[in-house]
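Chemist: My structure is in query31.cif, and what it holds is mmCIF, C-alpha atoms and all ligand atoms:
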```cif
data_data
loop_
_atom_site.label_atom_id
_atom_site.label_comp_id
_atom_site.auth_asym_id
_atom_site.auth_seq_id
_atom_site.Cartn_x
_atom_site.Cartn_y
_atom_site.Cartn_z
CA MET M 1 72.53 -118.27 48.55
CA SER M 2 73.52 -121.45 50.35
CA VAL M 3 72.57 -124.88 49.05
CA LYS M 4 71.68 -127.84 51.24
CA VAL M 5 73.80 -130.78 50.11
CA THR M 6 72.59 -133.23 52.75
CA GLU M 7 70.96 -132.89 56.15
CA TRP M 8 74.41 -132.32 57.64
CA VAL M 9 76.25 -130.49 54.89
CA THR M 10 75.56 -127.08 53.34
CA TRP M 11 77.36 -125.56 50.36
CA VAL M 12 78.38 -122.01 51.27
CA GLY M 13 80.59 -121.24 48.28
CA LYS M 14 80.42 -118.70 45.48
CA ILE M 15 79.44 -119.08 41.83
CA ASP M 16 81.70 -116.81 39.77
CA TRP M 17 79.80 -116.31 36.54
CA GLU M 18 82.17 -113.61 35.29
CA LEU M 19 85.53 -115.34 35.62
CA LYS M 20 87.31 -115.42 32.27
CA LYS M 21 90.85 -116.28 33.34
CA PHE M 22 92.24 -118.27 36.25
CA HIS M 23 95.77 -118.57 37.67
CA GLY M 24 96.40 -115.01 36.49
CA GLU M 25 96.04 -115.21 32.72
CA GLU M 26 97.12 -118.85 32.47
CA TYR M 27 93.82 -120.72 32.26
CA SER M 28 90.75 -119.70 30.28
CA THR M 29 87.43 -120.24 32.01
CA HIS M 30 84.86 -119.98 29.24
CA LYS M 31 82.13 -121.11 31.61
CA GLY M 32 83.18 -119.22 34.74
CA SER M 33 83.86 -121.19 37.89
CA THR M 34 82.74 -121.81 41.43
CA TYR M 35 84.65 -121.71 44.70
CA ASN M 36 83.05 -124.41 46.78
CA ALA M 37 83.09 -124.15 50.57
CA TYR M 38 81.12 -126.44 52.86
CA LEU M 39 79.64 -126.14 56.32
CA VAL M 40 79.24 -129.42 58.20
CA ARG M 41 76.94 -129.22 61.24
CA ASP M 42 77.20 -131.86 63.95
CA GLU M 43 77.81 -131.49 67.69
CA LYS M 44 80.86 -129.63 66.41
CA ASN M 45 80.59 -127.41 63.36
CA VAL M 46 83.30 -127.32 60.74
CA LEU M 47 83.90 -125.09 57.74
CA ILE M 48 85.74 -126.73 54.85
CA ASP M 49 87.63 -124.14 52.76
CA THR M 50 86.57 -120.59 51.90
CA VAL M 51 86.41 -118.63 48.62
CA TRP M 52 88.58 -116.35 46.48
CA ARG M 53 89.48 -113.05 48.08
CA PRO M 54 87.25 -110.70 45.99
CA PHE M 55 84.19 -112.46 47.40
CA THR M 56 85.30 -112.36 51.04
CA HIS M 57 82.57 -110.12 52.42
CA GLU M 58 79.81 -111.75 50.42
CA PHE M 59 81.03 -115.14 51.66
CA ILE M 60 81.12 -114.13 55.31
CA GLU M 61 77.67 -112.54 55.14
CA LYS M 62 76.26 -115.68 53.60
CA LEU M 63 78.02 -117.84 56.15
CA GLN M 64 76.53 -115.75 58.95
CA ASP M 65 73.07 -116.38 57.52
CA GLU M 66 73.76 -120.06 58.15
CA ILE M 67 75.63 -119.98 61.44
CA ALA M 68 76.91 -117.51 64.03
CA LEU M 69 80.64 -117.37 63.37
CA GLU M 70 81.51 -118.12 67.00
CA LYS M 71 79.72 -121.45 66.60
CA ILE M 72 82.28 -122.61 64.04
CA ASP M 73 84.47 -125.01 65.98
CA TYR M 74 86.98 -125.99 63.31
CA ILE M 75 88.15 -124.84 59.91
CA VAL M 76 89.62 -127.30 57.43
CA VAL M 77 91.91 -125.91 54.75
CA ASN M 78 92.24 -128.63 52.15
CA HIS M 79 94.55 -126.43 50.05
CA GLY M 80 96.15 -123.06 50.65
CA GLU M 81 95.86 -121.57 47.16
CA VAL M 82 94.17 -118.19 47.22
CA ASP M 83 91.00 -119.26 45.40
CA HIS M 84 90.14 -121.34 48.48
CA SER M 85 91.90 -119.47 51.27
CA GLY M 86 91.26 -115.91 50.10
CA ALA M 87 88.53 -115.20 52.64
CA LEU M 88 90.48 -116.77 55.49
CA PRO M 89 92.31 -113.64 56.74
CA GLU M 90 89.07 -111.74 57.27
CA LEU M 91 87.33 -114.76 58.77
CA MET M 92 90.24 -115.33 61.16
CA ARG M 93 90.15 -111.67 62.14
CA LEU M 94 86.61 -112.29 63.33
CA ILE M 95 87.23 -115.72 64.94
CA PRO M 96 90.99 -115.72 65.57
CA ASP M 97 91.27 -118.73 67.88
CA VAL M 98 89.42 -121.28 65.79
CA PRO M 99 91.78 -124.17 64.99
CA ILE M 100 92.73 -124.69 61.34
CA TYR M 101 93.26 -128.30 60.27
CA CYS M 102 95.58 -128.64 57.29
CA THR M 103 98.77 -130.31 56.07
CA ALA M 104 102.25 -129.17 57.12
CA ASN M 105 102.77 -127.81 53.62
CA ALA M 106 99.51 -125.85 53.86
CA VAL M 107 100.86 -124.15 56.97
CA LYS M 108 103.85 -123.03 54.90
CA SER M 109 101.53 -121.85 52.12
CA LEU M 110 99.17 -119.95 54.43
CA LYS M 111 101.99 -118.35 56.45
CA GLY M 112 103.77 -117.46 53.23
CA GLN M 113 100.74 -115.74 51.81
CA TYR M 114 99.13 -114.14 54.86
CA HIS M 115 101.96 -113.88 57.44
CA GLN M 116 99.74 -114.88 60.34
CA GLU M 117 100.34 -117.27 63.25
CA TRP M 118 96.92 -118.89 63.28
CA ASN M 119 95.98 -121.86 65.46
CA PHE M 120 97.24 -124.53 63.06
CA HIS M 121 96.68 -128.24 63.63
CA VAL M 122 98.77 -130.26 61.22
CA VAL M 123 97.14 -133.49 60.01
CA LYS M 124 98.34 -136.51 58.06
CA THR M 125 96.63 -139.25 56.10
CA GLY M 126 94.43 -141.32 58.39
CA ASP M 127 94.10 -138.69 61.14
CA ARG M 128 90.53 -138.27 62.35
CA LEU M 129 88.59 -135.35 63.77
CA SER M 130 85.44 -136.19 65.71
CA LEU M 131 82.52 -133.87 65.10
CA GLY M 132 80.18 -135.74 67.48
CA GLN M 133 78.16 -138.29 65.59
CA LYS M 134 80.38 -138.15 62.54
CA GLU M 135 84.10 -137.88 61.87
CA LEU M 136 86.33 -136.28 59.31
CA ILE M 137 89.17 -138.46 58.02
CA PHE M 138 92.06 -136.60 56.41
CA ILE M 139 93.85 -137.82 53.29
CA GLU M 140 96.96 -135.99 52.12
CA ALA M 141 97.05 -135.57 48.34
CA PRO M 142 100.38 -133.92 47.52
CA MET M 143 100.68 -132.73 43.91
CA LEU M 144 96.96 -133.07 43.30
CA HIS M 145 97.74 -130.48 42.37
CA TRP M 146 100.08 -128.70 44.78
CA PRO M 147 102.32 -130.04 47.57
CA ASP M 148 99.90 -128.94 50.30
CA SER M 149 96.74 -130.44 48.79
CA MET M 150 94.53 -132.62 50.95
CA MET M 151 91.12 -134.26 50.85
CA CYS M 152 88.84 -135.16 53.73
CA TYR M 153 86.09 -137.71 54.11
CA LEU M 154 82.95 -137.33 56.21
CA THR M 155 81.86 -140.59 57.78
CA GLY M 156 78.17 -141.40 57.93
CA GLU M 157 77.46 -139.12 54.99
CA ASN M 158 80.19 -140.86 52.99
CA ILE M 159 81.26 -137.64 51.31
CA LEU M 160 84.74 -137.12 49.93
CA PHE M 161 85.70 -133.44 49.89
CA SER M 162 88.33 -133.73 47.20
CA ASN M 163 89.37 -130.10 46.78
CA ASP M 164 90.79 -129.40 43.30
CA ALA M 165 90.83 -133.06 42.25
CA PHE M 166 87.70 -134.06 40.30
CA GLY M 167 86.76 -130.39 39.89
CA GLN M 168 86.03 -128.24 36.87
CA HIS M 169 85.83 -124.55 36.14
CA TYR M 170 82.13 -124.59 35.43
CA ALA M 171 79.61 -122.10 36.82
CA SER M 172 76.10 -123.48 37.08
CA GLU M 173 73.18 -122.67 39.31
CA TYR M 174 72.36 -126.37 39.39
CA LEU M 175 75.52 -127.36 41.29
CA PHE M 176 75.00 -131.14 40.98
CA ASN M 177 76.44 -133.31 38.22
CA ASP M 178 73.16 -134.93 37.21
CA LEU M 179 71.46 -131.57 36.59
CA VAL M 180 73.89 -129.93 34.18
CA ASP M 181 74.58 -130.26 30.46
CA GLN M 182 76.68 -133.44 30.25
CA PRO M 183 78.87 -132.61 27.19
CA GLU M 184 79.66 -129.20 28.74
CA LEU M 185 80.58 -130.87 32.01
CA TYR M 186 82.79 -133.45 30.27
CA GLN M 187 84.58 -130.74 28.31
CA GLU M 188 85.37 -128.71 31.43
CA CYS M 189 86.53 -131.85 33.28
CA ILE M 190 88.91 -132.98 30.56
CA LYS M 191 90.22 -129.44 30.03
CA TYR M 192 90.91 -129.18 33.77
CA TYR M 193 92.71 -132.52 33.82
CA ALA M 194 94.70 -131.83 30.64
CA ASN M 195 95.87 -128.38 31.68
CA ILE M 196 96.39 -128.87 35.41
CA LEU M 197 96.81 -132.54 36.29
CA THR M 198 98.61 -134.09 33.30
CA PRO M 199 102.11 -133.75 34.82
CA PHE M 200 100.94 -135.58 37.93
CA SER M 201 99.20 -138.51 36.24
CA LYS M 202 101.33 -141.14 37.99
CA LEU M 203 100.47 -139.58 41.35
CA VAL M 204 96.79 -139.37 40.37
CA ASP M 205 96.76 -143.08 39.66
CA ARG M 206 98.61 -143.91 42.89
CA LYS M 207 96.36 -141.70 45.01
CA ILE M 208 93.18 -143.13 43.51
CA LYS M 209 94.43 -146.66 44.26
CA GLU M 210 95.29 -145.59 47.82
CA VAL M 211 91.88 -144.02 48.45
CA VAL M 212 90.03 -146.95 46.87
CA GLY M 213 92.14 -149.21 49.12
CA PHE M 214 90.59 -147.58 52.20
CA ASN M 215 87.30 -149.27 51.21
CA LEU M 216 85.31 -146.26 52.29
CA PRO M 217 81.83 -146.04 50.80
CA VAL M 218 81.45 -142.91 48.65
CA SER M 219 77.99 -141.43 48.25
CA MET M 220 79.20 -138.09 46.96
CA ILE M 221 82.39 -136.37 45.82
CA CYS M 222 82.42 -132.65 46.55
CA PRO M 223 85.31 -130.84 44.85
CA SER M 224 86.31 -127.23 45.34
CA HIS M 225 85.35 -126.11 41.81
CA GLY M 226 82.28 -126.87 39.75
CA VAL M 227 79.58 -129.43 40.27
CA LEU M 228 79.18 -131.90 43.12
CA TRP M 229 79.24 -135.53 42.01
CA ARG M 230 76.17 -137.14 43.55
CA ASP M 231 74.91 -139.26 40.64
CA ASN M 232 77.31 -142.19 40.21
CA PRO M 233 80.08 -140.19 41.90
CA LEU M 234 82.76 -142.74 41.07
CA GLN M 235 82.33 -142.04 37.36
CA ILE M 236 84.79 -139.16 37.66
CA VAL M 237 87.26 -141.40 39.52
CA THR M 238 87.02 -143.98 36.73
CA GLN M 239 87.48 -141.19 34.21
CA TYR M 240 90.58 -139.88 36.03
CA THR M 241 92.06 -143.38 36.04
CA GLU M 242 91.61 -143.52 32.29
CA TRP M 243 93.06 -140.04 31.75
CA ALA M 244 96.01 -140.81 34.02
CA ALA M 245 96.99 -143.82 31.88
CA ASP M 246 98.65 -141.80 29.07
CA TYR M 247 95.23 -141.16 27.57
CA GLN M 248 94.77 -140.75 23.84
CA GLU M 249 92.05 -140.93 21.23
CA ASN M 250 92.31 -141.63 17.53
CA GLN M 251 93.16 -137.99 16.88
CA ILE M 252 95.99 -136.02 15.30
CA THR M 253 96.20 -132.32 16.12
CA ILE M 254 98.03 -129.86 13.91
CA LEU M 255 99.22 -126.68 15.61
CA TYR M 256 100.70 -123.92 13.56
CA ASP M 257 101.11 -120.21 13.18
CA THR M 258 101.60 -118.45 9.90
CA MET M 259 102.78 -115.07 8.61
CA TRP M 260 101.58 -114.95 5.00
CA ASP M 261 99.48 -118.12 4.90
CA GLY M 262 102.26 -120.39 3.64
CA THR M 263 102.49 -122.51 6.78
CA ARG M 264 98.68 -122.59 6.99
CA LYS M 265 98.53 -123.98 3.46
CA MET M 266 101.08 -126.60 4.45
CA ALA M 267 99.01 -127.51 7.52
CA GLU M 268 95.87 -127.95 5.44
CA ALA M 269 97.65 -130.02 2.79
CA ILE M 270 99.20 -132.23 5.48
CA ALA M 271 95.74 -132.71 7.01
CA ALA M 272 94.43 -133.77 3.59
CA GLY M 273 97.25 -136.29 3.32
CA ILE M 274 96.44 -137.71 6.73
CA LYS M 275 92.77 -138.10 5.85
CA ALA M 276 93.66 -139.74 2.53
CA ALA M 277 95.76 -142.31 4.40
CA ASP M 278 93.37 -142.87 7.30
CA ALA M 279 89.76 -141.78 6.94
CA ALA M 280 88.97 -142.83 10.50
CA VAL M 281 91.44 -140.57 12.28
CA GLN M 282 90.15 -137.25 13.64
CA VAL M 283 92.31 -134.37 12.39
CA LYS M 284 92.06 -130.94 14.01
CA LEU M 285 93.90 -127.77 13.02
CA TYR M 286 94.61 -124.87 15.36
CA ASN M 287 96.28 -121.58 14.61
CA THR M 288 98.11 -120.98 17.89
CA SER M 289 97.84 -117.21 17.69
CA ARG M 290 94.08 -117.27 17.12
CA ARG M 291 92.73 -120.04 19.28
CA ASP M 292 92.62 -120.41 23.04
CA LYS M 293 95.79 -122.09 24.25
CA ASN M 294 94.07 -124.13 26.98
CA ASP M 295 91.59 -125.48 24.44
CA ILE M 296 94.50 -126.43 22.18
CA ILE M 297 96.28 -128.17 25.06
CA THR M 298 93.10 -130.14 25.73
CA GLU M 299 93.19 -131.31 22.11
CA VAL M 300 96.88 -132.23 22.42
CA PHE M 301 95.96 -134.26 25.53
CA LYS M 302 93.40 -136.18 23.47
CA SER M 303 95.77 -136.80 20.55
CA LYS M 304 97.95 -139.78 19.73
CA ALA M 305 100.20 -137.49 17.71
CA ILE M 306 100.72 -133.84 16.90
CA LEU M 307 102.23 -131.86 14.06
CA VAL M 308 103.69 -128.45 14.80
CA GLY M 309 104.28 -125.82 12.15
CA SER M 310 105.98 -122.46 12.08
CA PRO M 311 107.68 -120.42 9.42
CA THR M 312 111.23 -119.35 10.12
CA VAL M 313 111.48 -115.79 11.36
CA ASN M 314 114.69 -114.19 12.57
CA LYS M 315 116.28 -117.68 12.58
CA GLY M 316 113.63 -118.83 15.03
CA ILE M 317 109.95 -119.73 15.27
CA LEU M 318 106.86 -117.60 15.75
CA SER M 319 106.19 -116.52 19.33
CA SER M 320 102.73 -118.08 19.67
CA VAL M 321 104.14 -121.48 18.71
CA ALA M 322 107.10 -121.03 21.07
CA GLY M 323 104.71 -120.03 23.86
CA ILE M 324 102.39 -122.99 23.63
CA LEU M 325 105.30 -125.40 23.22
CA GLU M 326 106.72 -124.08 26.50
CA GLU M 327 103.41 -124.98 28.18
CA ILE M 328 103.29 -128.36 26.46
CA LYS M 329 106.83 -129.09 27.63
CA GLY M 330 105.85 -128.39 31.23
CA LEU M 331 102.88 -130.75 31.03
CA SER M 332 105.12 -133.77 30.31
CA PHE M 333 102.80 -135.59 27.93
CA LYS M 334 103.66 -139.26 27.52
CA ASN M 335 103.35 -141.75 24.68
CA LYS M 336 102.68 -139.22 21.91
CA LYS M 337 104.35 -138.91 18.53
CA ALA M 338 105.14 -135.76 16.62
CA ALA M 339 106.67 -134.10 13.59
CA ALA M 340 107.30 -130.53 12.43
CA PHE M 341 106.86 -128.43 9.32
CA GLY M 342 107.06 -124.83 8.18
CA THR M 343 107.81 -122.43 5.37
CA TYR M 344 110.95 -120.35 4.94
CA GLY M 345 112.37 -117.84 2.54
CA TRP M 346 116.01 -117.60 3.56
CA SER M 347 117.73 -119.43 6.41
CA GLY M 348 115.00 -122.02 7.29
CA GLU M 349 115.78 -123.13 10.87
CA SER M 350 112.19 -123.53 12.12
CA VAL M 351 111.75 -127.28 11.57
CA LYS M 352 115.08 -128.08 13.25
CA ILE M 353 114.13 -125.90 16.24
CA LEU M 354 110.66 -127.47 16.49
CA ASN M 355 112.13 -130.99 16.35
CA GLN M 356 114.50 -130.13 19.18
CA ILE M 357 111.71 -128.71 21.37
CA LEU M 358 109.43 -131.67 20.66
CA ASN M 359 112.21 -134.09 21.58
CA GLU M 360 112.94 -132.20 24.80
CA SER M 361 109.21 -132.21 25.60
CA GLY M 362 109.00 -136.01 25.56
CA PHE M 363 107.41 -136.52 22.15
CA GLN M 364 108.71 -139.24 19.86
CA VAL M 365 109.63 -137.35 16.70
CA VAL M 366 108.88 -139.85 13.94
CA HIS M 367 109.88 -137.84 10.87
CA ASP M 368 112.65 -135.39 9.99
CA GLY M 369 109.98 -132.84 9.18
CA LEU M 370 109.05 -130.88 6.09
CA LYS M 371 110.28 -127.47 4.98
CA GLY M 372 108.44 -125.49 2.31
CA LEU M 373 110.31 -122.77 0.40
CA TRP M 374 108.36 -119.53 0.07
CA ASN M 375 104.65 -119.88 -0.51
CA PRO M 376 103.71 -123.49 -1.28
CA ASP M 377 103.35 -124.25 -4.97
CA GLU M 378 101.69 -127.34 -6.36
CA ASN M 379 104.82 -129.38 -5.86
CA THR M 380 105.07 -128.39 -2.18
CA VAL M 381 101.37 -129.07 -1.65
CA ASN M 382 101.94 -132.56 -3.06
CA GLN M 383 104.92 -133.00 -0.72
CA CYS M 384 102.68 -131.97 2.19
CA ASN M 385 100.05 -134.53 1.15
CA GLN M 386 102.74 -137.21 1.04
CA PHE M 387 104.17 -136.01 4.35
CA GLY M 388 100.73 -136.42 5.94
CA GLU M 389 100.41 -139.91 4.48
CA SER M 390 103.86 -141.01 5.63
CA PHE M 391 103.21 -139.51 9.09
CA VAL M 392 100.20 -141.80 9.40
CA GLU M 393 102.40 -144.75 8.35
CA ASN M 394 104.98 -143.77 10.97
CA LEU M 395 102.31 -143.96 13.68
CA LYS M 396 101.74 -147.66 13.04
FE1 LIG S 401 94.76 -125.13 43.47
FE2 LIG S 401 91.53 -124.35 43.16
O1 LIG S 401 93.27 -124.08 43.71
#
```
Would you mind giving the structure from this file in structure tokens?
Modeler:
Amino acid sequence: MSVKVTEWVTWVGKIDWELKKFHGEEYSTHKGSTYNAYLVRDEKNVLIDTVWRPFTHEFIEKLQDEIALEKIDYIVVNHGEVDHSGALPELMRLIPDVPIYCTANAVKSLKGQYHQEWNFHVVKTGDRLSLGQKELIFIEAPMLHWPDSMMCYLTGENILFSNDAFGQHYASEYLFNDLVDQPELYQECIKYYANILTPFSKLVDRKIKEVVGFNLPVSMICPSHGVLWRDNPLQIVTQYTEWAADYQENQITILYDTMWDGTRKMAEAIAAGIKAADAAVQVKLYNTSRRDKNDIITEVFKSKAILVGSPTVNKGILSSVAGILEEIKGLSFKNKKAAAFGTYGWSGESVKILNQILNESGFQVVHDGLKGLWNPDENTVNQCNQFGESFVENLK
């Protein structure tokens, strides 16, 4: 079913209620997602983006309910990734000569994926496409989140089609930001930012300043995933500006994995020490082998400091801890402090390894770390309490 966004703009995307993982198995989508595509009707008709490949035929049927395909004058590809371009090959088979407006990098992406010489029209920031009474203005947005990413702005309607930026993986039949559950929406927005946009925060800030500098009125922001921002649409821009500024809350997150509960006991005793030293700080514990890694990364994003624990196994650390630290390293978090802990029975390298990874990942390691021999006894539990207390002191 299509949804009328304004008199001129119709949503022709797909709500994917069943999606559980995105980017292969990389990103959990507890609330599904949507692939937003838009049809703008003026003297010229333009389709902005398509949907993920599995929904190609459903998408084209729905599009044909709205418009005869030969009446589509232009296609805008804001981003070449397959969740937005997946239906393009079949659509272009049906209307092969329709010009595609996209960035130079999107041409590379589309050719690389689909091996077709379509009628590409490369655009740059500030280029305009007249639709008759209204115009589209193109705004390149490299690394938000891929090099080919672009936004476009519809004059008259004052709509910014922002593609992945300002989106969320959030399936809802309501489609507009003012109609959905607000805490759910916030959670999906911050998870999306934390897991996808964190490494590009400087670019996010720069791009927002650039777009704001255009002084274009914005009545609505229509991203390519999740809800459309029509109620106070700039709230998500303000929120991105805050997140892009090395965001943190008064939170400490403890990540650990454990073999025979020793490192878990250490984690809990350290948490008790933290709370004893600072009752106001939020402390959250996550077993990295049992909790969703994208949810954990969202908590790391919100934290001013983290503690990472692993027992020593085979002179190394447990694989779930190593795995999430590899992701955390790639996200280039800034302005966060850290320390490590873990049990051992024999060689005991885990804390040293964790310290090294945390340092390489940009965290300020504020303590040498704490090793616990075998299963923690009362003395080790006391040491963990004290470690938690001194960690809080080291954050000051
Ligand atoms: Fe970068 Fe929604 O694709």
Chemist: Would you list the contacts of M:Asp127 as a list in words, taking every protein, DNA or RNA residue within 8 Å and counting all atoms listed in the file, but skipping same-chain residues closer than 2 positions in sequence?
Modeler: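 The neighbour list is Val123, Lys124, Thr125, Leu129, Ile137, Phe138 and Ile139 of chain M.
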Chemist: Taking all atoms listed in the file into account, which residues have an atom no farther than 7 Å from ligand LIG 401 (chain S)? I'd like them as a PDB file with C-alpha atoms, in the frame of the given file.
Modeler:
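Dumped everything to out19.pdb:
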```pdb
ATOM      1  CA  HIS M  79      94.550-126.430  50.050  1.00  0.00           C
ATOM      2  CA  GLU M  81      95.860-121.570  47.160  1.00  0.00           C
ATOM      3  CA  VAL M  82      94.170-118.190  47.220  1.00  0.00           C
ATOM      4  CA  ASP M  83      91.000-119.260  45.400  1.00  0.00           C
ATOM      5  CA  HIS M  84      90.140-121.340  48.480  1.00  0.00           C
ATOM      6  CA  HIS M 145      97.740-130.480  42.370  1.00  0.00           C
ATOM      7  CA  TRP M 146     100.080-128.700  44.780  1.00  0.00           C
ATOM      8  CA  ASP M 164      90.790-129.400  43.300  1.00  0.00           C
ATOM      9  CA  SER M 224      86.310-127.230  45.340  1.00  0.00           C
ATOM     10  CA  HIS M 225      85.350-126.110  41.810  1.00  0.00           C
TER      11      HIS M 225
END
```
Chemist: Scan for residues within 9 Å of the point (77.6, -128.1, 57.2) in the coordinates of the file, using all atoms listed in the file, and reply as a VMD selection string.
Modeler: chain M and resid 4 to 12 38 to 42 45 to 48 66
Chemist: Pick from M:His115, M:Lys371, M:Lys191, M:Arg93: nearest to M:Asp295, with only C-alpha atoms counted?
Modeler: M:Lys191
Chemist: Name the closest residue to M:Ala104 among the candidates M:Asn375, M:Ser2, M:Asn78, M:Ser85; distances are taken between atoms, counting all atoms listed in the file.
Modeler: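 For M:Ala104, the nearest of the candidates is M:Asn78.
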Chemist: Residues within 9 Å of M:Ile306, please, as number ranges by chain. Count all atoms listed in the file; anything in the same chain fewer than 2 positions from it doesn't count.
Modeler: M: 251-255, 300, 303-304, 308, 336-340, 363
Chemist: What are the closest atom pairs, with distances in Å to one decimal, for all residues of stretch 53-149 of chain M lying within 8 Å of stretch 194-213 of chain M? Consider only C-alpha atoms, order rows by chain and residue number, and present the result as CSV.
Modeler:
```
residue,atom,partner,partner_atom,distance
M:Ala141,CA,M:Lys207,CA,7.0
M:Met143,CA,M:Phe200,CA,6.6
M:Leu144,CA,M:Val204,CA,7.0
M:His145,CA,M:Leu197,CA,6.5
```
Chemist: Please give the centre and size of the box around stretch 58-75 of chain M (axis-aligned, containing every atom listed in the file, 6 Å added per side), with values in Å to one decimal and written as AutoDock Vina command-line options.
Modeler:
```
--center_x 80.6 --center_y -118.9 --center_z 58.7 --size_x 27.1 --size_y 26.2 --size_z 28.6
```
Chemist: Just want the 8 Å neighbourhood of M:Phe301, counted on all atoms listed in the file, with same-chain residues fewer than 6 positions away dropped. Output as a short mmCIF file (atom, residue, chain, number, x, y, z; two decimals) with C-alpha atoms, in the coordinates of the input.
Modeler:
```cif
data_model
loop_
_atom_site.label_atom_id
_atom_site.label_comp_id
_atom_site.auth_asym_id
_atom_site.auth_seq_id
_atom_site.Cartn_x
_atom_site.Cartn_y
_atom_site.Cartn_z
CA ALA M 194 94.70 -131.83 30.64
CA TYR M 247 95.23 -141.16 27.57
CA GLN M 248 94.77 -140.75 23.84
CA PHE M 333 102.80 -135.59 27.93
#
```
Chemist: Could you check the closest approach to M:Asn382 for each of M:Gly273, M:Gly126, M:Pro311, M:Pro89 and tell me which residue wins, using only C-alpha atoms?
Modeler: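 So, comparing all the options, the nearest one is M:Gly273.
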Chemist: What's the 10 Å shell around M:Ala277, counting only C-alpha atoms, without same-chain residues fewer than 5 positions away, as a list in words?
Modeler: Ala271, Ala272, Asn385, Gln386, Gly388, Glu389, Ser390, Phe391, Val392 and Glu393 of chain M
Chemist: Could you save those same residues with C-alpha atoms as a PDB file, in the coordinates of the input?
Modeler:
```
ATOM      1  CA  ALA M 271      95.740-132.710   7.010  1.00  0.00           C
ATOM      2  CA  ALA M 272      94.430-133.770   3.590  1.00  0.00           C
ATOM      3  CA  ASN M 385     100.050-134.530   1.150  1.00  0.00           C
ATOM      4  CA  GLN M 386     102.740-137.210   1.040  1.00  0.00           C
ATOM      5  CA  GLY M 388     100.730-136.420   5.940  1.00  0.00           C
ATOM      6  CA  GLU M 389     100.410-139.910   4.480  1.00  0.00           C
ATOM      7  CA  SER M 390     103.860-141.010   5.630  1.00  0.00           C
ATOM      8  CA  PHE M 391     103.210-139.510   9.090  1.00  0.00           C
ATOM      9  CA  VAL M 392     100.200-141.800   9.400  1.00  0.00           C
ATOM     10  CA  GLU M 393     102.400-144.750   8.350  1.00  0.00           C
TER      11      GLU M 393
END
```
Chemist: Show me, as a PyMOL selection string, the residues that have an atom within 8 Å of M:Leu354 when counting only C-alpha atoms, minus same-chain residues fewer than 2 positions from it.
Modeler: chain M and resi 308-309+317+340+350-352+356-358
Chemist: With distances taken over only C-alpha atoms, which of M:Gly167, M:Val107, M:Gln133, M:Glu140 is nearest to M:Tyr35?
Modeler: M:Gly167
Chemist: Counting only C-alpha atoms, which residues come within 12 Å of (105.2, -117.3, 20.6), with the point read in the file's coordinates, and could you list them as a list in words?
Modeler: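 It turns out the residues near that spot are Tyr256, Asp257, Thr258, Asn287, Thr288, Ser289, Arg290, Lys293, Ser310, Pro311, Val313, Gly316, Ile317, Leu318, Ser319, Ser320, Val321, Ala322, Gly323, Ile324, Leu325, Glu326 and Glu327 of chain M.
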Chemist: Can you work out which one of M:Ser332, M:Ser347, M:Gln187, M:Gln113 has the shortest atom-to-atom distance to M:Thr29, counting only C-alpha atoms?
Modeler: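 Among the listed residues, the smallest separation from M:Thr29 belongs to M:Gln187.
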Chemist: May I ask for the distance between atom CA of M:Glu70 and atom CA of M:Glu58, given in Å to one decimal place?
Modeler: 17.8 Å
Chemist: For M:Ile75, which residue out of M:Asp97, M:Asp231, M:Asp178, M:Asp49 is the nearest one, using only C-alpha atoms?
Modeler: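 Closest candidate: M:Asp49.
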Chemist: Between atom CA of M:Gly345 and atom CA of M:Tyr286, what distance in Å does the model show, to one decimal?
Modeler: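 Answer for the atom CA of M:Gly345 to atom CA of M:Tyr286 separation: 23.0 Å.
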Chemist: In Å, with one decimal, what is the gap from atom CA of M:Ser130 to atom CA of M:Tyr114?
Modeler: 28.1 Å
